[in-house]
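Trainee: My structure is in model00.cif, and what it holds is mmCIF, C-alpha atoms:
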```cif
data_data
loop_
_atom_site.label_atom_id
_atom_site.label_comp_id
_atom_site.auth_asym_id
_atom_site.auth_seq_id
_atom_site.Cartn_x
_atom_site.Cartn_y
_atom_site.Cartn_z
CA MET A 28 -59.55 32.29 -19.12
CA VAL A 29 -59.81 28.48 -19.19
CA ILE A 30 -58.27 26.77 -16.17
CA ALA A 31 -56.00 23.93 -17.27
CA THR A 32 -56.21 20.90 -15.00
CA ARG A 33 -55.37 17.20 -14.94
CA LYS A 34 -56.15 14.27 -12.68
CA PRO A 35 -53.35 12.67 -10.62
CA THR A 36 -52.10 9.44 -12.13
CA GLY A 37 -51.85 7.54 -8.85
CA LEU A 38 -48.62 5.96 -10.09
CA PRO A 39 -45.35 5.83 -8.14
CA THR A 40 -42.41 7.66 -9.70
CA TRP A 41 -38.70 6.94 -9.58
CA PRO A 42 -37.29 8.74 -6.53
CA ILE A 43 -34.38 11.11 -6.16
CA THR A 44 -32.69 9.53 -3.14
CA LEU A 45 -30.18 11.35 -0.98
CA VAL A 46 -27.72 8.98 0.69
CA ALA A 47 -25.94 11.07 3.33
CA GLY A 48 -23.24 9.39 5.33
CA ALA A 49 -20.22 9.81 7.52
CA GLU A 50 -16.76 9.19 6.13
CA LYS A 51 -16.33 5.60 4.84
CA ALA A 52 -19.87 4.72 5.91
CA GLY A 53 -20.72 2.98 2.63
CA LYS A 54 -22.36 5.65 0.46
CA THR A 55 -20.48 4.66 -2.69
CA TRP A 56 -21.06 0.95 -2.08
CA ILE A 57 -24.83 1.44 -1.83
CA ALA A 58 -24.82 3.42 -5.08
CA ALA A 59 -22.70 0.82 -6.87
CA MET A 60 -24.88 -2.05 -5.68
CA ALA A 61 -27.94 -0.19 -6.96
CA ALA A 62 -26.52 -0.65 -10.47
CA THR A 63 -26.81 -4.43 -10.05
CA SER A 64 -30.60 -4.32 -9.62
CA ASP A 65 -32.58 -5.96 -12.44
CA LEU A 66 -34.77 -2.84 -12.35
CA ILE A 67 -31.82 -0.95 -13.89
CA LYS A 68 -30.55 -1.30 -17.47
CA ARG A 69 -27.74 1.29 -17.38
CA THR A 70 -26.05 3.49 -14.78
CA TYR A 71 -24.33 6.83 -15.37
CA TRP A 72 -21.89 7.85 -12.63
CA VAL A 73 -20.87 11.49 -12.12
CA GLY A 74 -18.06 11.75 -9.60
CA LEU A 75 -16.70 14.94 -8.03
CA GLY A 76 -14.37 15.21 -5.06
CA GLU A 77 -14.45 11.47 -4.45
CA ASP A 78 -12.12 8.73 -5.69
CA THR A 79 -13.38 7.25 -8.95
CA PRO A 80 -15.08 3.92 -8.18
CA ASP A 81 -13.15 1.86 -10.76
CA GLU A 82 -12.65 -1.04 -8.37
CA TYR A 83 -16.43 -1.40 -7.99
CA GLY A 84 -16.46 -2.44 -11.64
CA GLN A 85 -15.70 -5.94 -10.33
CA VAL A 86 -19.19 -6.19 -8.83
CA ALA A 87 -21.35 -3.74 -10.82
CA ASP A 88 -21.67 -2.45 -14.38
CA PHE A 89 -21.81 1.34 -14.77
CA ASP A 90 -20.46 4.13 -16.96
CA ILE A 91 -18.28 6.83 -15.38
CA ILE A 92 -18.91 10.19 -17.06
CA LYS A 93 -15.69 12.03 -17.83
CA HIS A 94 -15.59 15.80 -17.22
CA ASP A 95 -13.11 18.59 -16.54
CA GLY A 96 -14.30 19.26 -12.98
CA SER A 97 -16.11 22.49 -13.85
CA TYR A 98 -19.68 23.22 -12.79
CA ARG A 99 -20.80 23.95 -16.33
CA GLU A 100 -19.45 20.71 -17.79
CA ILE A 101 -20.92 18.65 -14.95
CA LEU A 102 -24.27 20.36 -15.51
CA ALA A 103 -24.04 19.83 -19.27
CA ASN A 104 -23.43 16.10 -18.81
CA ILE A 105 -26.37 15.73 -16.45
CA LEU A 106 -28.59 17.55 -18.94
CA GLU A 107 -27.45 15.12 -21.64
CA VAL A 108 -28.41 12.16 -19.45
CA ALA A 109 -31.77 13.80 -18.71
CA ALA A 110 -32.36 14.28 -22.45
CA GLU A 111 -32.36 10.52 -23.06
CA PRO A 112 -35.88 9.14 -23.66
CA ALA A 113 -37.80 7.53 -20.84
CA PRO A 114 -37.96 3.72 -20.92
CA ALA A 115 -41.12 2.12 -22.25
CA ASP A 116 -43.51 0.51 -19.76
CA GLY A 117 -41.99 -2.64 -18.34
CA GLU A 118 -38.44 -1.79 -19.42
CA PRO A 119 -35.67 -1.30 -16.81
CA ALA A 120 -34.65 2.28 -16.07
CA THR A 121 -31.47 4.31 -16.36
CA LEU A 122 -29.92 5.20 -13.00
CA LEU A 123 -28.02 8.46 -12.45
CA VAL A 124 -25.52 8.66 -9.57
CA VAL A 125 -23.88 11.91 -8.43
CA ASP A 126 -21.08 11.30 -5.93
CA SER A 127 -21.06 13.74 -4.21
CA VAL A 128 -23.43 16.71 -4.17
CA SER A 129 -21.56 18.08 -1.17
CA LYS A 130 -18.67 18.72 -3.54
CA VAL A 131 -20.97 20.17 -6.22
CA TYR A 132 -22.29 22.71 -3.73
CA ARG A 133 -18.76 23.46 -2.51
CA LEU A 134 -17.73 24.02 -6.13
CA ILE A 135 -20.58 26.51 -6.64
CA LEU A 136 -19.53 28.37 -3.49
CA ASP A 137 -15.86 28.38 -4.47
CA ASN A 138 -16.65 29.68 -7.95
CA GLN A 139 -18.69 32.54 -6.53
CA GLN A 140 -16.01 33.29 -3.94
CA ALA A 141 -13.47 33.60 -6.75
CA ARG A 142 -15.75 36.07 -8.54
CA ALA A 143 -16.29 38.10 -5.35
CA ASN A 144 -12.54 38.15 -4.65
CA ALA A 145 -11.82 39.30 -8.21
CA ARG A 146 -14.30 42.17 -7.83
CA ALA A 147 -12.67 43.18 -4.54
CA VAL A 148 -9.22 43.20 -6.13
CA ALA A 149 -10.50 45.27 -9.06
CA ALA A 150 -12.14 47.74 -6.68
CA ALA A 151 -8.89 48.11 -4.71
CA LYS A 152 -6.98 48.85 -7.92
CA ARG A 153 -9.51 51.51 -8.95
CA THR A 154 -9.20 53.29 -5.61
CA GLY A 155 -5.47 52.77 -5.15
CA SER A 156 -6.05 50.72 -1.98
CA ASP A 157 -4.06 47.71 -0.85
CA ALA A 158 -5.22 44.44 -2.32
CA PRO A 159 -7.41 42.47 0.11
CA THR A 160 -5.71 39.56 1.88
CA VAL A 161 -8.88 37.72 2.96
CA ASP A 162 -11.89 36.40 1.08
CA ALA A 163 -14.48 39.01 0.18
CA LYS A 164 -17.79 38.89 2.00
CA PHE A 165 -20.68 37.66 -0.13
CA SER A 166 -23.22 40.26 -1.21
CA ASP A 167 -26.93 39.53 -1.69
CA ALA A 168 -26.20 39.25 -5.42
CA ASP A 169 -23.51 36.63 -4.73
CA TRP A 170 -25.93 34.51 -2.71
CA SER A 171 -28.57 34.92 -5.43
CA GLN A 172 -26.10 33.54 -7.97
CA VAL A 173 -25.28 30.58 -5.70
CA ARG A 174 -28.99 29.81 -5.30
CA ALA A 175 -29.54 30.12 -9.06
CA GLU A 176 -26.71 27.70 -9.89
CA TRP A 177 -27.87 25.21 -7.26
CA ALA A 178 -31.43 25.45 -8.61
CA ALA A 179 -30.16 24.82 -12.15
CA PHE A 180 -28.31 21.73 -10.93
CA MET A 181 -31.37 20.35 -9.14
CA ASP A 182 -33.62 21.12 -12.14
CA ALA A 183 -31.26 19.05 -14.31
CA ILE A 184 -31.45 16.21 -11.76
CA ARG A 185 -35.27 16.34 -11.75
CA ALA A 186 -35.36 16.24 -15.55
CA HIS A 187 -33.88 12.72 -15.56
CA HIS A 188 -36.51 10.08 -16.34
CA GLY A 189 -35.20 7.39 -14.00
CA PRO A 190 -33.98 6.96 -10.43
CA VAL A 191 -31.30 9.25 -9.05
CA ILE A 192 -28.91 8.65 -6.16
CA LEU A 193 -27.18 11.69 -4.70
CA THR A 194 -24.49 11.07 -2.11
CA ALA A 195 -23.55 13.69 0.46
CA ARG A 196 -21.36 14.00 3.52
CA LEU A 197 -22.95 13.80 6.97
CA TYR A 198 -21.13 15.63 9.76
CA PRO A 199 -21.84 16.44 13.43
CA ALA A 200 -22.56 20.12 14.08
CA MET A 201 -23.18 22.03 17.29
CA VAL A 202 -26.82 22.96 17.89
CA LEU A 203 -27.28 26.65 18.68
CA ASP A 204 -29.96 28.18 20.88
CA GLU A 205 -32.28 31.01 19.81
CA ALA A 206 -29.59 33.56 20.68
CA GLY A 207 -27.04 31.81 18.50
CA ASN A 208 -25.03 30.37 21.38
CA PRO A 209 -23.73 26.76 21.35
CA THR A 210 -25.82 24.36 23.43
CA GLY A 211 -23.29 21.54 23.77
CA VAL A 212 -25.62 19.27 21.79
CA ARG A 213 -24.41 17.90 18.46
CA GLN A 214 -26.67 16.96 15.56
CA ASN A 215 -25.87 15.41 12.19
CA ARG A 216 -26.02 17.87 9.30
CA ILE A 217 -25.84 17.35 5.55
CA ALA A 218 -23.01 19.17 3.79
CA ALA A 219 -24.93 20.86 0.95
CA ASP A 220 -27.46 23.58 0.34
CA SER A 221 -30.03 23.67 3.15
CA SER A 222 -32.83 23.07 0.63
CA LEU A 223 -31.47 19.66 -0.42
CA PRO A 224 -33.58 17.48 1.93
CA PHE A 225 -36.68 19.26 0.56
CA ASP A 226 -35.54 18.81 -3.06
CA VAL A 227 -35.30 15.01 -2.90
CA SER A 228 -37.87 12.22 -2.60
CA ALA A 229 -36.11 10.28 0.15
CA VAL A 230 -33.30 10.79 2.65
CA ILE A 231 -31.23 7.83 3.85
CA GLU A 232 -28.64 8.56 6.53
CA LEU A 233 -25.58 6.40 7.23
CA PRO A 234 -24.14 7.69 10.53
CA ALA A 235 -21.63 4.80 10.61
CA ARG A 236 -20.71 1.77 8.54
CA GLY A 237 -23.42 -0.88 8.86
CA GLU A 238 -26.05 1.62 10.05
CA ALA A 239 -28.79 3.03 7.81
CA PHE A 240 -31.83 5.12 8.73
CA ALA A 241 -34.68 6.48 6.61
CA THR A 242 -35.34 10.01 7.86
CA GLY A 243 -37.84 11.04 5.20
CA VAL A 244 -39.65 9.37 2.29
CA ARG A 245 -42.26 10.88 -0.02
CA SER A 246 -44.49 7.89 -0.74
CA VAL A 247 -48.08 6.69 -0.36
CA ARG A 248 -47.03 3.03 -0.09
CA TRP A 249 -44.52 3.60 2.68
CA GLN A 250 -45.72 6.05 5.30
CA LEU A 251 -42.69 6.81 7.47
CA PRO A 252 -43.86 7.85 10.96
CA GLU A 253 -40.38 8.62 12.30
CA ARG A 254 -36.68 8.01 11.78
CA THR A 255 -36.56 4.30 10.95
CA ALA A 256 -33.64 1.86 11.07
CA LEU A 257 -33.07 -0.10 7.86
CA PRO A 258 -30.99 -3.25 8.53
CA ASP A 259 -29.03 -4.48 5.49
CA PHE A 260 -30.27 -1.55 3.41
CA SER A 261 -30.19 -1.83 -0.39
CA MET A 262 -31.60 0.45 -3.07
CA ASP A 263 -33.14 -2.51 -4.90
CA GLU A 264 -35.24 -3.47 -1.87
CA PHE A 265 -36.06 0.19 -1.23
CA TRP A 266 -37.36 0.69 -4.78
CA ARG A 267 -39.47 -2.46 -4.52
CA THR A 268 -40.94 -1.26 -1.20
CA LEU A 269 -42.06 1.88 -3.02
CA GLY A 270 -43.88 -0.26 -5.58
CA LEU A 271 -41.54 0.39 -8.48
CA ALA A 272 -41.43 -3.28 -9.52
CA ASP A 273 -45.19 -3.83 -9.38
CA GLY A 274 -46.47 -2.18 -12.54
CA PRO A 275 -46.52 1.07 -14.51
CA ILE A 276 -44.32 3.91 -13.27
CA GLY A 277 -45.33 7.54 -13.57
CA GLU A 278 -43.27 10.42 -14.94
CA ARG A 279 -41.67 12.66 -12.32
CA THR A 280 -43.05 16.21 -12.63
CA HIS A 281 -42.09 19.38 -10.80
CA ASP A 282 -43.95 22.68 -10.95
CA ALA A 283 -41.03 25.04 -10.55
CA PRO A 284 -41.53 28.81 -10.23
CA ARG A 285 -40.50 30.85 -13.25
CA VAL A 286 -39.22 34.39 -12.95
CA GLU A 287 -40.07 36.28 -16.12
CA VAL A 288 -37.04 38.53 -16.30
CA ILE A 289 -35.00 38.69 -19.49
CA ALA A 290 -31.34 39.13 -18.73
CA GLU A 291 -29.37 41.42 -21.05
CA GLU A 292 -27.05 38.49 -21.83
CA THR A 293 -29.91 36.54 -23.42
CA ILE A 294 -30.54 39.38 -25.85
CA VAL A 295 -27.03 40.14 -27.03
CA ARG A 296 -25.51 36.66 -27.13
CA ASP A 297 -25.97 34.38 -30.13
CA TRP A 298 -25.91 31.10 -28.21
CA LEU A 299 -26.40 28.75 -31.17
CA THR A 300 -23.62 30.38 -33.17
CA ASP A 301 -21.30 30.14 -30.17
CA ALA A 302 -22.05 26.42 -29.94
CA ARG A 303 -21.55 25.83 -33.67
CA GLN A 304 -18.25 27.70 -33.62
CA ALA A 305 -16.96 25.85 -30.54
CA PRO A 306 -13.54 24.35 -31.30
CA ASP A 307 -14.23 21.12 -29.41
CA LEU A 308 -16.93 19.08 -27.68
CA ALA A 309 -16.02 20.26 -24.16
CA THR A 310 -16.47 23.91 -25.18
CA ALA A 311 -19.78 23.15 -26.89
CA ASN A 312 -20.96 21.39 -23.72
CA ARG A 313 -20.09 24.46 -21.66
CA VAL A 314 -22.14 26.65 -24.03
CA LEU A 315 -25.03 24.19 -23.65
CA ALA A 316 -24.84 24.32 -19.85
CA ALA A 317 -24.70 28.13 -19.85
CA ALA A 318 -27.68 28.33 -22.22
CA ALA A 319 -29.68 25.91 -20.05
CA VAL A 320 -29.03 28.05 -16.97
CA THR A 321 -29.74 31.38 -18.70
CA LEU A 322 -32.47 30.52 -21.20
CA GLY A 323 -33.97 27.40 -19.63
CA LYS A 324 -33.50 23.75 -20.60
CA ASP A 325 -36.68 23.70 -22.74
CA ASN A 326 -35.94 26.94 -24.63
CA PRO A 327 -35.85 26.28 -28.42
CA THR A 328 -32.30 27.64 -28.64
CA THR A 329 -31.16 25.33 -25.84
CA VAL A 330 -32.86 22.39 -27.57
CA ALA A 331 -31.09 23.27 -30.84
CA ILE A 332 -27.73 23.51 -29.06
CA ARG A 333 -28.37 20.14 -27.40
CA ALA A 334 -29.01 18.60 -30.83
CA HIS A 335 -25.80 20.14 -32.17
CA VAL A 336 -23.80 18.79 -29.23
CA ALA A 337 -25.35 15.34 -29.73
CA ALA A 338 -24.26 15.45 -33.39
CA MET A 339 -20.73 16.43 -32.35
CA THR A 340 -20.69 13.55 -29.86
CA SER A 341 -21.76 11.05 -32.53
CA GLU A 342 -19.17 12.38 -34.97
CA ALA A 343 -16.44 12.12 -32.31
CA ALA A 344 -17.46 8.51 -31.59
CA ARG A 345 -17.19 7.60 -35.28
CA ALA A 346 -13.77 9.23 -35.64
#
```
Could you take the file, read its structure, and then write that structure out as C-alpha cells?

Mentor:
Amino acid sequence: MVIATRKPTGLPTWPITLVAGAEKAGKTWIAAMAATSDLIKRTYWVGLGEDTPDEYGQVADFDIIKHDGSYREILANILEVAAEPAPADGEPATLLVVDSVSKVYRLILDNQQARANARAVAAAKRTGSDAPTVDAKFSDADWSQVRAEWAAFMDAIRAHHGPVILTARLYPAMVLDEAGNPTGVRQNRIAADSSLPFDVSAVIELPARGEAFATGVRSVRWQLPERTALPDFSMDEFWRTLGLADGPIGERTHDAPRVEVIAEETIVRDWLTDARQAPDLATANRVLAAAAVTLGKDNPTTVAIRAHVAAMTSEAARA
C-alpha cells in the first residue's frame, strides 16, 4: 500500500463564521454589511424563520434565495451555491448567508418529531389502542436521523468555496451541576446542534446590541487567548485580520468520516430517472437534495442530477 500524503499549503481559507446573538442584537445587520465588502462579488441569502431582509437592500446588494421552507429544498439550494466554481486568484468571493441555522435545526427536529408521531399513531391503530395525545419520545434511530440530516446540511455549507455566515440565536440557560440540578447560574447557549461551534471556523457572540465578542477563531494569524471584545465589529475587518485580503487564499478542505453502508433505498431507487421525470424545478431540487444526502454530493448520479437541475434552471430562466 502506498500512503498518499500532501504538504500543507500554509494559506488562509475563507471561514465559516457563526454569528450568535440575542434578539435584535444585530446579527442580520452584520451579515448584510458583509455583502458591501470589496472582498465580495456576490452574496446569496438563505432565510428561514426570520423576516426577509428586503429593507437592507437599501444599503447592500445581495440575492435572496427563494424556497418552499422545506429542509430538502433549502439543502438543494445550498448545494447549488456550493457547486459554483471557486473564484480565480485575486477575484472577490461569493458569500453565503444562512439566517438562521437555529431554525434549520428546529426544522430538522420538527420533521423527525412528525415522523415519530406518525409511527406512534400507526402503532396505536395496529393494536387498537387510543391514539397518543403527546409527542412520541425519540428513539436512537430518530436521533441518528437528526444527526445525519444536520451533518448533510453542514457538509453542504463546507462545500461552498467562499465565506459563509451562519446566524443563530443566543439565549441564557441555567447551568446544571454534575447531578443535573440547577445551580442558579445562567450561561449563554447557542440554539442549534451542540456540534455547531466545533463545525465552524469562528464564533462571534452578540449578547446585546452594540456588543460583540470573539469566543473562538481557528487561525494562525489571530491567536485568540480568551473571549475578546470586538468594538465596532464588521466582517470586512475580521476577514482582513485573518489575512484574506493579503494574497492567495487556500481551498477549504474537510476530511469527513465515511460510513460504508449501502442503504436499501440506494439500490432500488432510480434517482436520475426520478429527477428527469420531475414535473417542475422544485420537485427536481428535492430529488437532488435527497440524492446528496443518501448517495453523497460527489456520487456520479448526484452529479448527473445536479447537471439536469442546472439545465432545467437555465431553461426556466429563458422561458

Trainee: Separation of CA of Gly243 in chain A and CA of Pro258 in chain A, in Å?

Mentor: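 Distance between the two atoms: 16.2 Å.
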
Trainee: Would you translate the PyMOL selection byres ((chain A and resi 129-139) around 10) into the concrete set of residues it matches in this file, as a PyMOL selection string?

Mentor: chain A and resi 47+74-77+96-98+101-102+125-128+140-145+165+169-170+172-177+180+193-197+217-220

Trainee: Apply the PyMOL selection byres ((chain A and resi 82-91) around 10) to the displayed file and report the matching residues as a count of residues only.

Mentor: 25

Trainee: Determine the residue membership of the PyMOL selection byres ((chain A and resi 329-331) around 10) for the file above and supply it as an NGL selection string.

Mentor: :A and (110 or 298-299 or 302 or 314-328 or 332-337)

Trainee: From the list A:Pro209, A:Pro42, A:Pro112, A:Pro190, which residue is nearest Ala229 in chain A when using all atoms listed in the file?

Mentor: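 Of A:Pro209, A:Pro42, A:Pro112, A:Pro190, the one nearest Ala229 in chain A is A:Pro42, counting all atoms listed in the file.
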
Trainee: Report, in Å with one decimal, the straight-line distance from CA of Pro252 in chain A to CA of Arg216 in chain A.

Mentor: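 Answer for the CA of Pro252 in chain A to CA of Arg216 in chain A separation: 20.5 Å.
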
Trainee: Of the candidates A:Ala311, A:Ile184, A:Ala241, A:Ala338, which shows the shortest atom-to-atom distance to Trp41 in chain A, using all atoms listed in the file?

Mentor: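 Under the stated criterion, the closest residue is A:Ile184.
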
Trainee: If you measure from CA of Arg236 in chain A to CA of Lys51 in chain A, what distance in Å do you get, rounded to one decimal?

Mentor: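 Computed distance, CA of Arg236 in chain A to CA of Lys51 in chain A, equals 6.9 Å.
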
Trainee: So, counting all atoms listed in the file, which residue among A:Thr40, A:Gln214, A:Thr268, A:Ser171 is closest to Gln250 in chain A?

Mentor: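 Using all atoms listed in the file, Gln250 in chain A sits closest to A:Thr268.
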
Trainee: Would you fill the gaps in range 222-246 of chain A so it has N, CA and C atoms, then print it as a PDB file, keeping the file's coordinate frame?

Mentor:
```
ATOM      1  N   SER A 222     -31.582  23.503   1.263  1.00  0.00           N
ATOM      2  CA  SER A 222     -32.830  23.070   0.630  1.00  0.00           C
ATOM      3  C   SER A 222     -32.782  21.623   0.159  1.00  0.00           C
ATOM      4  N   LEU A 223     -31.611  20.988   0.183  1.00  0.00           N
ATOM      5  CA  LEU A 223     -31.470  19.660  -0.420  1.00  0.00           C
ATOM      6  C   LEU A 223     -32.450  18.629   0.125  1.00  0.00           C
ATOM      7  N   PRO A 224     -32.627  18.495   1.453  1.00  0.00           N
ATOM      8  CA  PRO A 224     -33.580  17.480   1.930  1.00  0.00           C
ATOM      9  C   PRO A 224     -35.002  17.701   1.410  1.00  0.00           C
ATOM     10  N   PHE A 225     -35.348  18.967   1.098  1.00  0.00           N
ATOM     11  CA  PHE A 225     -36.680  19.260   0.560  1.00  0.00           C
ATOM     12  C   PHE A 225     -36.744  18.977  -0.938  1.00  0.00           C
ATOM     13  N   ASP A 226     -35.588  18.992  -1.608  1.00  0.00           N
ATOM     14  CA  ASP A 226     -35.540  18.810  -3.060  1.00  0.00           C
ATOM     15  C   ASP A 226     -35.627  17.346  -3.475  1.00  0.00           C
ATOM     16  N   VAL A 227     -35.366  16.430  -2.559  1.00  0.00           N
ATOM     17  CA  VAL A 227     -35.300  15.010  -2.900  1.00  0.00           C
ATOM     18  C   VAL A 227     -36.556  14.277  -2.456  1.00  0.00           C
ATOM     19  N   SER A 228     -36.702  13.035  -2.945  1.00  0.00           N
ATOM     20  CA  SER A 228     -37.870  12.220  -2.600  1.00  0.00           C
ATOM     21  C   SER A 228     -37.665  11.424  -1.321  1.00  0.00           C
ATOM     22  N   ALA A 229     -36.405  11.101  -1.020  1.00  0.00           N
ATOM     23  CA  ALA A 229     -36.110  10.280   0.150  1.00  0.00           C
ATOM     24  C   ALA A 229     -34.730  10.636   0.689  1.00  0.00           C
ATOM     25  N   VAL A 230     -34.592  10.539   2.002  1.00  0.00           N
ATOM     26  CA  VAL A 230     -33.300  10.790   2.650  1.00  0.00           C
ATOM     27  C   VAL A 230     -32.923   9.554   3.463  1.00  0.00           C
ATOM     28  N   ILE A 231     -31.774   8.972   3.114  1.00  0.00           N
ATOM     29  CA  ILE A 231     -31.230   7.830   3.850  1.00  0.00           C
ATOM     30  C   ILE A 231     -29.934   8.292   4.502  1.00  0.00           C
ATOM     31  N   GLU A 232     -29.834   8.146   5.813  1.00  0.00           N
ATOM     32  CA  GLU A 232     -28.640   8.560   6.530  1.00  0.00           C
ATOM     33  C   GLU A 232     -27.827   7.340   6.972  1.00  0.00           C
ATOM     34  N   LEU A 233     -26.502   7.441   6.805  1.00  0.00           N
ATOM     35  CA  LEU A 233     -25.580   6.400   7.230  1.00  0.00           C
ATOM     36  C   LEU A 233     -24.625   7.015   8.253  1.00  0.00           C
ATOM     37  N   PRO A 234     -25.004   7.052   9.524  1.00  0.00           N
ATOM     38  CA  PRO A 234     -24.140   7.690  10.530  1.00  0.00           C
ATOM     39  C   PRO A 234     -22.845   6.922  10.767  1.00  0.00           C
ATOM     40  N   ALA A 235     -22.825   5.638  10.458  1.00  0.00           N
ATOM     41  CA  ALA A 235     -21.630   4.800  10.610  1.00  0.00           C
ATOM     42  C   ALA A 235     -21.779   3.594   9.704  1.00  0.00           C
ATOM     43  N   ARG A 236     -20.657   2.955   9.395  1.00  0.00           N
ATOM     44  CA  ARG A 236     -20.710   1.770   8.540  1.00  0.00           C
ATOM     45  C   ARG A 236     -21.610   0.701   9.181  1.00  0.00           C
ATOM     46  N   GLY A 237     -22.503   0.147   8.368  1.00  0.00           N
ATOM     47  CA  GLY A 237     -23.420  -0.880   8.860  1.00  0.00           C
ATOM     48  C   GLY A 237     -24.702  -0.329   9.453  1.00  0.00           C
ATOM     49  N   GLU A 238     -24.837   1.004   9.510  1.00  0.00           N
ATOM     50  CA  GLU A 238     -26.050   1.620  10.050  1.00  0.00           C
ATOM     51  C   GLU A 238     -26.724   2.441   8.956  1.00  0.00           C
ATOM     52  N   ALA A 239     -28.028   2.256   8.789  1.00  0.00           N
ATOM     53  CA  ALA A 239     -28.790   3.030   7.810  1.00  0.00           C
ATOM     54  C   ALA A 239     -30.137   3.393   8.424  1.00  0.00           C
ATOM     55  N   PHE A 240     -30.557   4.641   8.203  1.00  0.00           N
ATOM     56  CA  PHE A 240     -31.830   5.120   8.730  1.00  0.00           C
ATOM     57  C   PHE A 240     -32.547   5.914   7.641  1.00  0.00           C
ATOM     58  N   ALA A 241     -33.845   5.649   7.469  1.00  0.00           N
ATOM     59  CA  ALA A 241     -34.680   6.480   6.610  1.00  0.00           C
ATOM     60  C   ALA A 241     -35.198   7.620   7.471  1.00  0.00           C
ATOM     61  N   THR A 242     -34.886   8.854   7.081  1.00  0.00           N
ATOM     62  CA  THR A 242     -35.340  10.010   7.860  1.00  0.00           C
ATOM     63  C   THR A 242     -36.457  10.774   7.164  1.00  0.00           C
ATOM     64  N   GLY A 243     -36.737  10.407   5.913  1.00  0.00           N
ATOM     65  CA  GLY A 243     -37.840  11.040   5.200  1.00  0.00           C
ATOM     66  C   GLY A 243     -38.057  10.354   3.864  1.00  0.00           C
ATOM     67  N   VAL A 244     -39.310  10.011   3.563  1.00  0.00           N
ATOM     68  CA  VAL A 244     -39.650   9.370   2.290  1.00  0.00           C
ATOM     69  C   VAL A 244     -40.991   9.926   1.817  1.00  0.00           C
ATOM     70  N   ARG A 245     -41.023  10.376   0.562  1.00  0.00           N
ATOM     71  CA  ARG A 245     -42.260  10.880  -0.020  1.00  0.00           C
ATOM     72  C   ARG A 245     -42.914   9.734  -0.776  1.00  0.00           C
ATOM     73  N   SER A 246     -43.878   9.075  -0.141  1.00  0.00           N
ATOM     74  CA  SER A 246     -44.490   7.890  -0.740  1.00  0.00           C
ATOM     75  C   SER A 246     -45.834   7.604  -0.087  1.00  0.00           C
TER      76      SER A 246
END
```
